[in-house]
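Novice: Dropping a structure here in structure tokens format, bear with me for questions.
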Amino acid sequence: MHDDRSLVEARLKRVLDERVRPAVYPESVPLEVAVWHAPGEPVPVAEGLAAEPEPIEVGARWGAPWGTSWFRVTGTVPEAWAGRTVEAILDLGFDENMPGFQCEGLVYRPDGTPLKGLNPRNQWVRVGAPVEGGEQVRLHIEAASNPVILDYHPFLPTQLGDKETAGSDPQYTLTRMDLAVFDETVWQLVIDLEVLGELMAELPVESARRWEILRAVDKALDAVDLQDVNGTATRARSCLTEVLAKPAAPSAHRISAVGHAHIDSAWLWPLRETVRKVARTTSNMTALLDDEPEFVFAMSQAQQWAWVRDHRPEVWARVKKAVADGRFVPAGGMWVESDTNMPGSEAMARQFVHGKRFFLDEFCIENDEAWLPDTFGFAAGLPQIIKAAGSKYLLTQKISWSQTNKFPHHTFRWEGIDGTRIFTHFPPVDTYNCSMKGGEIAHAARNFKDKGVARHSLAPTGWGDGGGGTTREMVAKAARLRDLEGSATVTWETPRDFFEKAAAEYPEPPVWVGELYLELHRATLTSQAKTKQGNRRSEHLLREAELWAATAAVRTGFPYPYEDLDRIWKTVLLHQFHDILPGSSIAWVHREARRTYERVAEELTGIVEAAQRALAGEGDTPLVFNAAPHARAGVPAGGAGIPDGQQRTALSPRPGGGHILDNGLLRVEVDARGLVVSAYDVEADRETVAPGRAANLLQLHPDFPNMWDAWDVDAFYRNTVTDLTDADEVAPDGDGVRIVRSFGSSRVTQLLSLAPGERRLVVDTEVDWHETEKFLKLAFPLDVHAERYASETQFGHFHRPTHTNTSWEAAKFEACNHRFVHLEEPGWGVALVNDSTYGHDVTRTVRTDGDGGTTTTVRVSLLRAPRFPDPETDQGVHRFRHALVPGAGIGDAVREGWRINLPERPLAGAREVAPLVTCDQDAVVVTAVKLADDGSGDVVVRFHEAFGGRTRATLTAGFEVADVAVTDLLERPLADAPAPRAEDGLIALRLRPFELMTLRLRRA
């Protein structure tokens, strides 16, 4: 017997690879194969089954990129195999990558019943156990030849990411199509040896348990006759029985395994392919549930459940039965696993509204947890949204990817901007694709940061990203790890069971306050600008459509478009998935997204215009509709009126070259380079631009991150910068100044203008962008001394430091805001608002000349040009609008952010329109006015305190109110919330800082 552990480990690897694993299928016979290649997009199942295929041989090439091929395999089980277990082995040409990143298949019976999916880790289909011999086998495979886009080698540009550019060359070689005998004893021996070998490798060298396992494995290998593995497998297994039976220590870490298959709703494949990925995975998981009585599987993303329901009714029937049995578990309660940094307030709320309502309507199941394992960081406003949706837990794994700082907890309470705390768990296994390897289980136990006060962690178990799910091998390993000395214990449990146990054992966990910032993937705040603009504009159009349609419904009987709004919301929510909105998907995804947003805009604009016409009537009175939550120019918030007359801005030459813009409140000097060298607040007698500096400065950086091109921008990008100061043209344009610049292969046209009667410098920027691997910023160096600045997030704002005292602060060199960032000294501040950008950076420097004061520079991230996974990212024309607001308090920042995103809509009509609801306090921002989703006709109003302080306010309804209820986001009355009284349509409110509230007003 060998005492040297390395020799035994080497021996074990070779024997497993070359003798034992091949013996799992000791006998096989080939199947006959024929194929029909669908000529375009995927066809209905009936059409694929009915098509007449042509013969194809194993070894032949097949599958144009993104094509669909229907294979028919036929054969006869040999009579000699009677009494044995037989499986079909169907290898479409898989490589060693994870499932979901290459060709895939769904196997059907001749009658169209789906059996299971095919992927590199799941190539078998059970024919019989046991067979009688002589059975006729006929299977059909809907095979998708999805090209390999990501292979974790250097990310090279590829045209394979869009069907329009991918070509037609076959991608795969048909590798194996056989009937084979399945030797379960050998298969079980493989699992025994893998579990023990992996555990042995994780135990300390001095551990007696390690040496005990080593000797048992060595003995088992001696018992295997390498020329007769099948005949000696039982003998070999008997050598391992005792060592596998020893129970875990009472103090062992406890892992709740949750069957899982993270499926990106789009990423390196288009949306239509995800529909099929979900069908393949759910087919496999329902089959595995039938075979494994202890297994539990959880699936998030209501959109994916809806796809199964709508596109694969046979699979849906099996899913519904498994849900009823409590073993196929809806998780997360969101429409998709969305990005949480960029979606606006209402959109983030509606993710939960539509997700939770789907599971309630379909299964009467209420989710307690938000399930976001792969989302790229978490906005500080999210905890109260989770709570307002009726949930109380959050799970994510992604923060473990942070490059600089290691998060100090795995189980904790996360506190958001309003003080809401959510019980949160980061699985210490550090993957949402756990495969039950010993190294993963040992890492979870070692890594768990809450030892001594908590013992439970969760392991999402199954192949994911591209789907695939849990395998029978993972279930078999988990069975051996249920209670095994030297290992953490593993038990299959639902997410709810885990969270209830974890919360009970750890009633006072530590608290983390503020955003959960991912120190990675920062460039996702900028990549694919048109996708981000489509999202922002769709969110605001939905606000307008709901507002004006509800107002018109109450006032005129206008038919409220319930079904249309529901459908459009779900479309917008789908595109907030964490690889679509962040810009990290293939070209096909973003090409389709642009077209989708165009259709959404057209449809919503139609709803808005029809409702406004119903409200205003036919006439010649020049009206302006104001959908913003604050009055402006004499027009009330949420109403329509005749705007006040306004003076024009004066435009004059500037001594030394350039132009001066002056509206009496703000005087702006634009020099001959087209740069803003002064923005003087007349009333405050205060300069905005830092001395010796220039604002509206376009800056160009090289942008070649170490990895993850569309996802990442690394800090070293700042080391090299080109200031774009040369101008082709600086000239008057109406009341503003037009600036044209050329650089590289690109061209920028800007228009600087002052809003009449407002301290607001508007910067309209058009970029005809044709750069690669470059990063374009727009800089505003400000004469403001501020140690922190405010960024808008969902239902409020929060502060980040402008300094880099610690590594945590330094790591936030690119961050997210919604409509504004705001900096201030006591009594005076500056806001920078935007209509469609998210990424930005804020830095602080001490001036070395003059008074030695501080310059705080805000830079907006406009465009990037990564080449992977979309080699043509953002090429073309883009338009952005920003506004610099000197003298702005936080309330001004809030107001101006809304205004730039919701411009007035002029319409000639017969009458002014009074708002459906109004609020007398600017700090209370109404984010939604709509009719209740249940069709009752009740008016739902959602609002929050936006300035960060306590406030009292009065909400006034423009209709007779019979009853008022405080509700959750799903418009269900809250039993523990005292209902405010409504007297003559007046509703008195008291709100905490950033408190979110939803009221349901029943009309008399």
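Chain labels follow the order of the structure tokens: the first chain is A, the next B, and so on; residue numbering restarts at 1 in every chain, and ligands are counted from 1 in their shown order.
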Could you list, as a PDB file with N, CA and C atoms, in the first residue's frame, every residue within 6 Å of Asn146 in chain A, counting only C-alpha atoms and ignoring same-chain residues fewer than 6 positions away?

Specialist:
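Final output, part_28.pdb:
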ATOM      1  N   PRO A  65     -24.204  28.920 -37.823  1.00  0.00           N
ATOM      2  CA  PRO A  65     -24.390  29.701 -36.599  1.00  0.00           C
ATOM      3  C   PRO A  65     -25.852  30.120 -36.402  1.00  0.00           C
ATOM      4  N   TRP A  66     -26.395  29.840 -35.234  1.00  0.00           N
ATOM      5  CA  TRP A  66     -27.742  30.201 -34.819  1.00  0.00           C
ATOM      6  C   TRP A  66     -28.814  29.432 -35.581  1.00  0.00           C
ATOM      7  N   GLN A 102     -22.709  26.644 -26.208  1.00  0.00           N
ATOM      8  CA  GLN A 102     -22.414  25.961 -27.468  1.00  0.00           C
ATOM      9  C   GLN A 102     -23.697  25.322 -27.968  1.00  0.00           C
ATOM     10  N   CYS A 103     -23.569  24.276 -28.785  1.00  0.00           N
ATOM     11  CA  CYS A 103     -24.770  23.611 -29.284  1.00  0.00           C
ATOM     12  C   CYS A 103     -25.543  22.980 -28.124  1.00  0.00           C
TER      13      CYS A 103
END

Novice: Within 8 Å of Thr856 in chain A, counting only C-alpha atoms, which residues qualify if same-chain residues fewer than 3 places away don't, as a list in words?

Specialist: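 What passes the distance filter is Pro781, Leu782, Asp783, Val784, His785, Ala786, Thr802, Val842, Thr843, Arg844 and Thr845 of chain A.
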
Novice: Pull C-alpha atoms from the residues just selected and write them as an mmCIF file, in the first residue's frame.

Specialist:
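Output (again-v1.cif):
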data_model
loop_
_atom_site.group_PDB
_atom_site.id
_atom_site.type_symbol
_atom_site.label_atom_id
_atom_site.label_comp_id
_atom_site.auth_asym_id
_atom_site.auth_seq_id
_atom_site.Cartn_x
_atom_site.Cartn_y
_atom_site.Cartn_z
ATOM 1 C CA PRO A 781 -14.483 71.201 -12.972
ATOM 2 C CA LEU A 782 -16.379 73.072 -10.253
ATOM 3 C CA ASP A 783 -15.315 75.616 -7.663
ATOM 4 C CA VAL A 784 -16.924 73.647 -4.855
ATOM 5 C CA HIS A 785 -15.305 72.257 -1.715
ATOM 6 C CA ALA A 786 -17.239 69.080 -0.944
ATOM 7 C CA THR A 802 -15.161 62.725 -3.226
ATOM 8 C CA VAL A 842 -16.157 62.662 -9.225
ATOM 9 C CA THR A 843 -12.634 63.677 -8.153
ATOM 10 C CA ARG A 844 -11.262 66.358 -5.875
ATOM 11 C CA THR A 845 -7.970 68.207 -6.276
#

Novice: Determine, counting only C-alpha atoms, which protein, DNA and RNA residues have an atom within 12 Å of an atom of Gly757 in chain A; residues of the same chain fewer than 4 positions away are not included. Present the result as a list in words.

Specialist: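 Neighbouring residues, sequence-local ones excluded: Arg632, Ala633, Asp644, Gly645, Gln646, Gln647, Arg648, Thr649, Ala650, Asp662, Asn663, Gly664, Leu665, Leu666, Arg667 and Leu761 of chain A.
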
Novice: Give one line per residue of range 343-382 of chain A that approaches range 805-816 of chain A to at most 12 Å, naming the two atoms of the closest pair and their distance in Å to one decimal, counting only C-alpha atoms; sort by chain then ascending residue number and deliver it as JSON lines.

Specialist:
{"residue": "A:Pro343", "atom": "CA", "partner": "A:Cys816", "partner_atom": "CA", "distance": 10.7}
{"residue": "A:Gly344", "atom": "CA", "partner": "A:Cys816", "partner_atom": "CA", "distance": 11.7}
{"residue": "A:Phe376", "atom": "CA", "partner": "A:Cys816", "partner_atom": "CA", "distance": 11.5}
{"residue": "A:Gly377", "atom": "CA", "partner": "A:Cys816", "partner_atom": "CA", "distance": 10.3}
{"residue": "A:Phe378", "atom": "CA", "partner": "A:Cys816", "partner_atom": "CA", "distance": 10.4}
{"residue": "A:Ala379", "atom": "CA", "partner": "A:Cys816", "partner_atom": "CA", "distance": 8.7}
{"residue": "A:Ala380", "atom": "CA", "partner": "A:Cys816", "partner_atom": "CA", "distance": 10.9}

Novice: Filtering to N, CA and C atoms, could you give me those residues as a compact mmCIF listing (two decimals), in the first residue's frame?

Specialist:
# COMPACT_ATOMS: atom_id res chain seq x y z
N PRO A 343 -32.09 50.77 -13.37
CA PRO A 343 -33.55 50.94 -13.46
C PRO A 343 -34.05 52.04 -12.54
N GLY A 344 -35.02 52.82 -13.04
CA GLY A 344 -35.58 53.90 -12.24
C GLY A 344 -36.46 53.39 -11.12
N PHE A 376 -24.85 43.02 -11.06
CA PHE A 376 -23.55 43.70 -10.93
C PHE A 376 -23.57 44.83 -9.90
N GLY A 377 -23.91 44.51 -8.68
CA GLY A 377 -23.97 45.52 -7.63
C GLY A 377 -25.41 45.92 -7.35
N PHE A 378 -25.62 46.54 -6.18
CA PHE A 378 -26.98 46.76 -5.70
C PHE A 378 -27.14 48.17 -5.16
N ALA A 379 -28.11 48.88 -5.73
CA ALA A 379 -28.35 50.28 -5.38
C ALA A 379 -28.86 50.41 -3.96
N ALA A 380 -28.54 51.55 -3.35
CA ALA A 380 -28.86 51.76 -1.94
C ALA A 380 -30.35 51.91 -1.68

Novice: Out of A:Arg864, A:Arg911, A:Lys449, A:Arg543, which residue has the shortest atom-to-atom distance to Leu525 in chain A when counting only C-alpha atoms?

Specialist: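 Ranking A:Arg864, A:Arg911, A:Lys449, A:Arg543 by distance to Leu525 in chain A, first place goes to A:Arg864.
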
Novice: Please give the complete set of residues from range 192-272 of chain A that DSSP, run on the backbone, assigns to strand (DSSP E or B), formatted as an mmCIF file with C-alpha atoms, in the first residue's frame.

Specialist:
data_model
loop_
_atom_site.group_PDB
_atom_site.id
_atom_site.type_symbol
_atom_site.label_atom_id
_atom_site.label_comp_id
_atom_site.auth_asym_id
_atom_site.auth_seq_id
_atom_site.Cartn_x
_atom_site.Cartn_y
_atom_site.Cartn_z
ATOM 1 C CA ARG A 254 -24.332 23.168 7.192
ATOM 2 C CA ILE A 255 -25.039 23.824 3.533
ATOM 3 C CA SER A 256 -28.516 24.136 2.104
ATOM 4 C CA ALA A 257 -28.261 22.993 -1.498
ATOM 5 C CA VAL A 258 -30.815 24.546 -3.818
ATOM 6 C CA GLY A 259 -31.111 23.066 -7.287
ATOM 7 C CA ILE A 263 -30.243 31.326 -17.172
#

Novice: Can you pull out every residue within 12 Å of Gly619 in chain A, counting only C-alpha atoms, but drop anything in the same chain fewer than 6 positions away, and send it as a compact mmCIF listing (two decimals) with C-alpha atoms, in the first residue's frame?

Specialist:
# COMPACT_ATOMS: atom_id res chain seq x y z
CA ARG A 613 -56.59 64.93 -26.73
CA LEU A 907 -51.00 70.78 -27.66
CA ALA A 908 -53.70 73.14 -28.92
CA GLY A 909 -56.96 72.40 -27.15
CA ALA A 910 -60.18 73.78 -25.76
CA ARG A 911 -59.49 73.71 -22.04
CA GLU A 912 -56.83 73.54 -19.38

Novice: Between CA of Phe625 in chain A and CA of Ser836 in chain A, what is the distance in Å, rounded to a tenth?

Specialist: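 Going from CA of Phe625 in chain A over to CA of Ser836 in chain A covers 21.4 Å.
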
Novice: Rounded to one decimal place, report the CA of His409 in chain A-CA of Trp371 in chain A distance in Å.

Specialist: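 Separation between CA of His409 in chain A and CA of Trp371 in chain A: 17.8 Å.
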
Novice: To one decimal in Å, tell me the separation between CA of Ala324 in chain A and CA of Asp361 in chain A.

Specialist: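 CA of Asp361 in chain A lies 13.6 Å from CA of Ala324 in chain A.
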